[in-house]
Each structure stands twice: as structure tokens, then as C-alpha cells.
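upload14.txt (compact mmCIF, C-alpha atoms)
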```
# COMPACT_ATOMS: atom_id res chain seq x y z
CA MET A 1 2.43 13.06 -98.25
CA LYS A 2 5.39 13.57 -95.99
CA LYS A 3 4.67 17.29 -95.64
CA LYS A 4 1.05 16.58 -94.71
CA GLU A 5 2.12 14.05 -92.08
CA ASN A 6 4.63 16.50 -90.65
CA ARG A 7 1.94 19.18 -90.54
CA LYS A 8 -0.39 16.81 -88.67
CA LEU A 9 2.37 15.96 -86.18
CA ASN A 10 3.12 19.62 -85.69
CA ASN A 11 -0.56 20.42 -85.12
CA MET A 12 -0.88 17.57 -82.63
CA ALA A 13 2.26 18.68 -80.78
CA LEU A 14 0.89 22.22 -80.66
CA PHE A 15 -2.45 20.90 -79.34
CA VAL A 16 -0.67 18.89 -76.63
CA ILE A 17 1.37 21.93 -75.63
CA VAL A 18 -1.77 24.09 -75.40
CA VAL A 19 -3.52 21.44 -73.27
CA MET A 20 -0.51 21.22 -70.96
CA ILE A 21 -0.40 25.01 -70.60
CA LEU A 22 -4.11 25.10 -69.75
CA PHE A 23 -3.68 22.26 -67.23
CA MET A 24 -0.72 23.99 -65.56
CA SER A 25 -2.69 27.26 -65.44
CA ILE A 26 -5.62 25.57 -63.70
CA VAL A 27 -3.30 23.90 -61.20
CA SER A 28 -1.56 27.22 -60.53
CA ILE A 29 -4.89 28.98 -59.98
CA GLU A 30 -5.96 26.26 -57.53
CA LEU A 31 -2.69 26.56 -55.61
CA ILE A 32 -3.01 30.34 -55.44
CA THR A 33 -6.62 30.01 -54.23
CA ILE A 34 -5.62 27.56 -51.48
CA LEU A 35 -2.74 29.76 -50.34
CA TYR A 36 -5.00 32.83 -50.32
CA ARG A 37 -7.72 31.00 -48.38
CA ASP A 38 -5.18 29.81 -45.80
CA ARG A 39 -3.79 33.30 -45.45
CA GLU A 40 -7.28 34.75 -44.99
CA ALA A 41 -8.06 32.06 -42.43
CA ALA A 42 -4.97 33.09 -40.51
CA LYS A 43 -6.37 36.61 -40.29
CA ILE A 44 -9.37 35.24 -38.37
CA THR A 45 -7.20 34.15 -35.46
CA PRO A 46 -7.62 37.40 -33.47
CA VAL A 47 -11.42 36.94 -33.57
CA THR A 48 -11.03 33.47 -32.06
CA ASN A 49 -8.86 35.00 -29.35
CA ASP A 50 -11.58 37.56 -28.66
CA ILE A 51 -14.11 34.77 -28.23
CA LYS A 52 -11.81 32.99 -25.78
CA LYS A 53 -11.32 36.26 -23.94
CA ASP A 54 -15.09 36.72 -23.63
CA GLU A 55 -15.38 33.20 -22.26
CA GLN A 56 -12.68 34.00 -19.72
CA ASN A 57 -14.55 37.16 -18.70
CA ASN A 58 -17.56 34.97 -17.93
CA THR A 59 -15.69 33.30 -15.09
CA TYR A 60 -16.06 34.38 -11.47
CA ASP A 61 -13.46 33.44 -8.88
CA ILE A 62 -15.22 32.46 -5.66
CA SER A 63 -12.21 30.88 -3.95
CA ASN A 64 -11.73 33.83 -1.54
CA LEU A 65 -15.42 34.25 -0.65
CA THR A 66 -17.29 32.91 2.36
CA PHE A 67 -20.81 31.62 1.76
CA THR A 68 -23.88 31.04 3.90
CA ASP A 69 -25.60 27.72 3.18
CA LEU A 70 -29.30 28.05 2.44
CA THR A 71 -31.75 25.16 2.23
CA LEU A 72 -34.82 25.83 0.12
CA THR A 73 -38.39 24.95 1.02
CA ASN A 74 -41.72 25.62 -0.66
CA GLU A 75 -42.04 28.67 1.58
CA ALA A 76 -40.24 31.94 0.87
CA THR A 77 -36.95 32.65 2.66
CA SER A 78 -36.60 36.43 2.96
CA LEU A 79 -33.28 38.11 2.16
CA GLN A 80 -34.12 41.50 3.66
CA ASP A 81 -32.06 41.06 6.84
CA MET A 82 -29.51 38.60 5.47
CA CYS A 83 -28.51 40.66 2.45
CA SER A 84 -29.20 44.30 3.35
CA ASN A 85 -25.47 45.11 2.93
CA GLY A 86 -24.80 42.37 0.39
CA CYS A 87 -24.35 38.63 0.92
CA ASN A 88 -22.91 35.40 -0.48
CA ILE A 89 -25.29 32.44 -0.49
CA LYS A 90 -24.69 28.80 -1.46
CA ILE A 91 -27.65 26.63 -2.44
CA SER A 92 -27.04 22.91 -2.93
CA MET A 93 -29.61 21.23 -5.17
CA TYR A 94 -29.64 18.45 -7.80
CA GLY A 95 -26.32 17.29 -6.34
CA MET A 96 -24.68 20.58 -7.40
CA ASP A 97 -23.68 23.80 -5.67
CA TYR A 98 -24.93 27.19 -6.86
CA TYR A 99 -23.45 30.43 -5.57
CA TYR A 100 -25.41 33.66 -5.38
CA ILE A 101 -23.28 36.77 -4.88
CA ILE A 102 -25.31 39.89 -4.09
CA GLU A 103 -23.30 43.11 -3.80
CA TYR A 104 -24.54 46.49 -2.65
CA THR A 105 -22.81 49.10 -4.80
CA ASP A 106 -23.63 52.76 -5.41
CA GLY A 107 -27.11 52.40 -3.97
CA SER A 108 -28.08 49.34 -6.02
CA TYR A 109 -27.94 45.57 -5.50
CA ILE A 110 -26.08 43.55 -8.14
CA MET A 111 -26.43 39.77 -8.47
CA ASN A 112 -24.12 37.17 -9.99
CA ILE A 113 -25.02 33.48 -10.05
CA VAL A 114 -22.06 31.12 -10.32
CA LYS A 115 -21.60 27.39 -10.79
CA ASP A 116 -18.12 25.87 -11.06
CA ASN A 117 -16.63 29.38 -11.38
CA THR A 118 -18.82 30.07 -14.43
CA ARG A 119 -21.45 32.79 -14.32
CA LEU A 120 -25.01 31.72 -15.07
CA LEU A 121 -26.19 35.30 -14.53
CA SER A 122 -23.86 38.29 -14.82
CA ASP A 123 -24.20 41.62 -12.98
CA LYS A 124 -28.00 41.62 -12.79
CA ASN A 125 -29.23 44.91 -11.34
CA LEU A 126 -31.80 44.11 -8.64
CA GLY A 127 -32.68 47.74 -8.03
CA THR A 128 -32.35 49.89 -4.93
CA SER A 129 -34.12 47.56 -2.49
CA ILE A 130 -34.28 43.88 -1.55
CA ALA A 131 -37.04 44.37 1.02
CA ASN A 132 -39.19 41.95 -1.00
CA ALA A 133 -36.46 39.58 -2.15
CA TYR A 134 -36.66 35.88 -1.33
CA PHE A 135 -35.63 32.37 -2.36
CA ARG A 136 -37.92 29.36 -2.53
CA ASN A 137 -38.29 25.94 -4.12
CA TYR A 138 -40.77 26.39 -6.95
CA MET A 139 -41.76 23.28 -8.94
CA ASN A 140 -38.40 21.78 -7.92
CA TYR A 141 -36.55 24.77 -9.37
CA ILE A 142 -34.33 27.17 -7.45
CA MET A 143 -36.28 30.41 -7.62
CA PHE A 144 -35.22 33.95 -6.74
CA TYR A 145 -37.75 36.80 -6.64
CA ASN A 146 -37.55 40.54 -6.05
CA ILE A 147 -39.47 43.72 -6.74
CA ILE A 148 -36.99 45.79 -8.72
CA GLU A 149 -37.13 49.50 -7.98
CA ASP A 150 -35.28 52.34 -9.68
CA THR A 151 -35.97 56.00 -10.37
CA ASN A 152 -38.48 55.22 -13.13
CA PHE A 153 -40.06 51.82 -12.56
CA ARG A 154 -41.13 49.29 -9.94
CA TYR A 155 -41.76 45.79 -11.26
CA ASP A 156 -41.66 42.07 -10.46
CA TYR A 157 -38.62 40.01 -11.40
CA ALA A 158 -37.84 36.31 -10.94
CA ASN A 159 -35.29 33.79 -12.15
CA VAL A 160 -35.24 30.00 -11.90
CA ILE A 161 -32.52 27.38 -12.31
CA ASP A 162 -33.13 23.75 -13.26
CA ASN A 163 -31.18 20.51 -12.81
CA ARG A 164 -29.16 21.18 -15.98
CA ALA A 165 -27.81 24.49 -14.62
CA SER A 166 -29.97 26.38 -17.10
CA LEU A 167 -31.43 29.74 -16.10
CA ASP A 168 -34.74 31.33 -17.09
CA GLU A 169 -35.87 34.88 -16.25
CA PHE A 170 -39.32 36.44 -15.86
CA SER A 171 -40.37 40.05 -15.40
CA SER A 172 -43.76 41.72 -15.18
CA LEU A 173 -44.87 45.25 -16.02
CA ASP A 174 -45.76 46.31 -12.49
CA SER A 175 -45.05 45.16 -8.95
CA GLY A 176 -47.08 42.69 -6.94
CA GLU A 177 -48.79 41.13 -9.97
CA MET A 178 -46.63 38.06 -10.62
CA GLU A 179 -48.21 34.76 -9.48
CA PHE A 180 -46.54 31.37 -9.03
CA THR A 181 -49.05 28.61 -9.73
CA GLU A 182 -48.89 24.87 -10.40
CA GLU A 183 -49.55 25.62 -14.08
CA GLY A 184 -46.74 28.17 -14.42
CA ILE A 185 -45.79 31.77 -13.66
CA ILE A 186 -48.39 34.44 -14.39
CA TYR A 187 -46.99 37.78 -15.47
CA TYR A 188 -47.82 40.77 -17.69
CA TYR A 189 -46.13 42.22 -20.76
CA ASP A 190 -46.94 45.07 -23.14
CA VAL A 191 -47.53 45.35 -26.87
CA CYS A 192 -47.39 48.87 -28.30
CA GLU A 193 -50.45 49.04 -30.53
CA ASN A 194 -53.03 51.79 -31.04
CA ASN A 195 -56.60 50.52 -30.77
CA GLY A 196 -57.85 53.06 -33.30
CA ASP A 197 -59.71 55.52 -31.08
CA GLY A 198 -56.54 57.39 -30.08
CA ALA A 199 -57.23 56.97 -26.35
CA ASN A 200 -54.88 54.05 -25.74
CA ASN A 201 -51.62 53.15 -27.42
CA ALA A 202 -50.83 49.67 -26.09
CA LYS A 203 -52.13 46.33 -24.90
CA LYS A 204 -51.34 44.94 -21.47
CA VAL A 205 -51.23 41.18 -21.86
CA LYS A 206 -51.74 38.77 -18.97
CA ALA A 207 -49.92 35.54 -19.73
CA ILE A 208 -48.75 32.32 -18.13
CA ARG A 209 -45.60 30.38 -18.93
CA LEU A 210 -43.87 27.36 -17.47
CA PRO A 211 -40.16 27.84 -16.75
CA PHE A 212 -38.06 27.02 -19.82
CA SER A 213 -41.13 26.96 -22.05
CA LEU A 214 -40.64 29.13 -25.13
CA THR A 215 -44.20 30.30 -25.72
CA PRO A 216 -46.52 31.91 -23.13
CA SER A 217 -50.27 31.30 -23.12
CA VAL A 218 -52.32 34.50 -23.18
CA ILE A 219 -54.95 34.72 -20.45
CA SER A 220 -56.42 38.14 -21.21
CA THR A 221 -55.63 41.54 -22.74
CA GLU A 222 -56.67 45.11 -22.07
CA TYR A 223 -55.98 48.41 -23.85
CA VAL A 224 -53.91 50.85 -21.82
CA ASP A 225 -51.80 53.96 -22.37
CA TYR A 226 -48.01 53.81 -21.86
CA SER A 227 -45.67 56.77 -22.25
CA TRP A 228 -42.97 54.60 -23.84
CA CYS A 229 -45.34 53.54 -26.65
CA GLU A 230 -45.84 57.09 -27.99
```
I'd like the structure from this file rewritten - as C-alpha cells, please.
Amino acid sequence: MKKKENRKLNNMALFVIVVMILFMSIVSIELITILYRDREAAKITPVTNDIKKDEQNNTYDISNLTFTDLTLTNEATSLQDMCSNGCNIKISMYGMDYYYIIEYTDGSYIMNIVKDNTRLLSDKNLGTSIANAYFRNYMNYIMFYNIIEDTNFRYDYANVIDNRASLDEFSSLDSGEMEFTEEGIIYYYDVCENNGDGANNAKKVKAIRLPFSLTPSVISTEYVDYSWCE
């Protein structure tokens, strides 16, 4: 009887030892996993720095610039004479100041829009001419419009800013076809799509969209032929 009892005690002690070894192994694995995860997280630090760097690059120092104050009306204010060689314009609206910096560089006009030293629009190429450029108050938004010209295209472009300092952009396929109505901005966009007869390879869509609305309403479509849809 004594031998059997001793054997049972030995078996139980062995079982306890095995359980303790398993428990310690699990704890060790957890500790190693935590240490590895922390070390891997530390490797992510440079990415965070890159993000901060990008945010810093989105700033625009206007402290050394002189601005011309511009008050908007429902009528267009032409920029042809004011900005032929570049200009800096301040528009105060919604109790905030917005700064439009238009530079003439290498034959093209470049626009930055800044609020509180932060760019709302960065290095927008306005093309080779601002003969048609203007500002106006459209539906209580600050609106800028220009016909963008380059070596290949000539098309309508507009941007608007609301009372939350949000910016929305519109562009149309050709020039002189954008309309600013009480229901929204009418513009055209293309959809590359063959109509089946081989004569035309795209649709030109006439649409209307309110500023900051995500989805345009289609007014009409027509089949056309565009070289970039081949």
C-alpha cells in the first residue's frame, strides 16, 4: 500500500511540475510577443515623422507678403489687370481671412490658397492666361473661375470655399460651357465608352452639381469621339 501511495504522490508531483512548466512557457511566449510587438511599433516611428513632415510642407508662410483686400459681390471681379504679373489677394468672409497667392512662373500662373498659414489649395496650375479669371460671391461661397489654357487643352475651371474653410473644385471638358445657376454648377465630363458602331468612343455628359455635393445629376448625354479614349 505504501508503494502505491508513493507512486501516486510521485505522479501527482510530476503532473504539477508539467503544469508549471506549461504555464511558465505560456507566460514566456506572451512576454516575448509583447516585447516583439513593442519593438516593431518602434520601427514605425520614422513613418510618423514623415507624416508630420508632410503636414509641415502644407504650410505657407505669408508673413512677408503684402495683400490687396478684395470684397466680393454677385458680379464678377476680373483679375486680368490686377494679376497679369502675379498678385496676392486677401478675401475676408465668414469672419475669416483667405489668402490667394497667384504667381507667374515659367509662362504659367500658379495658385495657392491659404488660411492661417495652411494651404487649402497647393500649387494649382491655372494655365498660361488669366484673361478670363475672376472672383465672385456665388451662393454665399467664395468662387474663383478661369479658363485654363495649355499646349493641349482649353477648359473651364472653378473652385469654391465655404464657411468651414472647405474647398471644392469643378472642371469642364471645354471652355465657355460652365454655367453657374441657382440649382448648382453645370459642367461636362467624359466617359470612355464605345457605342457599338465604331464611330464614337465616348460619352460627353452634361451634369449639374451643388458645391460640396458628392453626386452630380445628369442632364443629358451625347456620343462623341475623343483621342484619349482610344
Task: A:Leu65, A:Ile130, A:Met139, A:Met178 ranked by distance to Ile101 in chain A, top pick (using all atoms listed in the file) - done: A:Leu65
- [ ] Choose the residue, out of A:Asp69, A:Asp225, A:Glu177, A:Asp190, that has the smallest atom-to-atom separation from Met93 in chain A; count only C-alpha atoms.
- [x]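 Checking each candidate against Met93 in chain A, we get A:Asp69 as the closest.
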Open item on the list: Just to confirm, what's the straight-line distance from CA of Tyr60 in chain A to CA of Thr118 in chain A in Å (one decimal)?
Closed with: 5.9 Å
Open item on the list: My list of candidates is A:Ile148, A:Tyr141, A:Ser129, A:Cys87. Which is closest to Gly184 in chain A when distances are computed with all atoms listed in the file?
Closed with: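 Looking at the shortest contact to Gly184 in chain A, the residue is A:Tyr141.
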Task: For Asn132 in chain A: contacts at 7 Å, all atoms listed in the file, fewer than 3 positions along chain excluded, given as a PyMOL selection string - done: chain A and resi 80+146-147
Open item on the list: Can you pull out the residues contacting Tyr109 in chain A? Cut-off 10 Å, using only C-alpha atoms, and skip same-chain residues under 6 positions away; I want them as a count of residues only.
Closed with: 16
Task: Selection: 9 Å around range 211-216 of chain A, only C-alpha atoms, excl. self and same-chain fewer than 3 positions, as a list of chain:residue names - done: A:Tyr141, A:Asn159, A:Val160, A:Ile161, A:Asp162, A:Ser166, A:Leu167, A:Asp168, A:Glu169, A:Phe170, A:Gly184, A:Ile185, A:Ala207, A:Ile208
Assuming 3 Å of padding per side, give the centre and edge lengths of the axis-aligned box around every listed atom of range 122-136 of chain A, in Å to one decimal and as AutoDock Vina command-line options.
```
--center_x -31.5 --center_y 39.6 --center_z -6.9 --size_x 21.3 --size_y 26.5 --size_z 21.8
```
Could you pull the residues within 8 Å of Tyr155 in chain A, counting only C-alpha atoms, minus those fewer than 2 positions along the same chain, as a compact mmCIF listing (two decimals) with C-alpha atoms, in the coordinates of the input?
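The new file selection-v8.txt reads:
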```txt
# COMPACT_ATOMS: atom_id res chain seq x y z
CA ILE A 147 -39.47 43.72 -6.74
CA ILE A 148 -36.99 45.79 -8.72
CA GLU A 149 -37.13 49.50 -7.98
CA PHE A 153 -40.06 51.82 -12.56
CA TYR A 157 -38.62 40.01 -11.40
CA SER A 171 -40.37 40.05 -15.40
CA SER A 172 -43.76 41.72 -15.18
CA LEU A 173 -44.87 45.25 -16.02
CA ASP A 174 -45.76 46.31 -12.49
CA SER A 175 -45.05 45.16 -8.95
CA GLY A 176 -47.08 42.69 -6.94
```
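Put simply, CA of Ile89 in chain A is 13.2 Å away from CA of Arg136 in chain A.
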Task: Pick from A:Asp106, A:Glu182, A:Glu75, A:Asp116, whichever lies nearest to Asn58 in chain A using only C-alpha atoms - done: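 Closest to Asn58 in chain A, using only C-alpha atoms: A:Asp116.
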- [ ] Report the distance between CA of Ile113 in chain A and CA of Tyr145 in chain A in Å, rounded to one decimal place.
- [x] 13.6 Å
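If only C-alpha atoms are the atoms counted, then among A:Tyr99, A:Trp228, A:Tyr104, A:Phe180 the closest residue to Asn137 in chain A is A:Phe180.
Nearest residue to Asn201 in chain A among A:Ile219, A:Val224, A:Ile110, A:Ala133 is A:Val224, counting all atoms listed in the file.
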Open item on the list: Report as a PyMOL selection string all protein, DNA and RNA residues lying within 10 Å of Glu222 in chain A, evaluated on all atoms listed in the file, omitting residues in the same chain fewer than 4 positions from it.
Closed with: chain A and resi 190+200+202-206
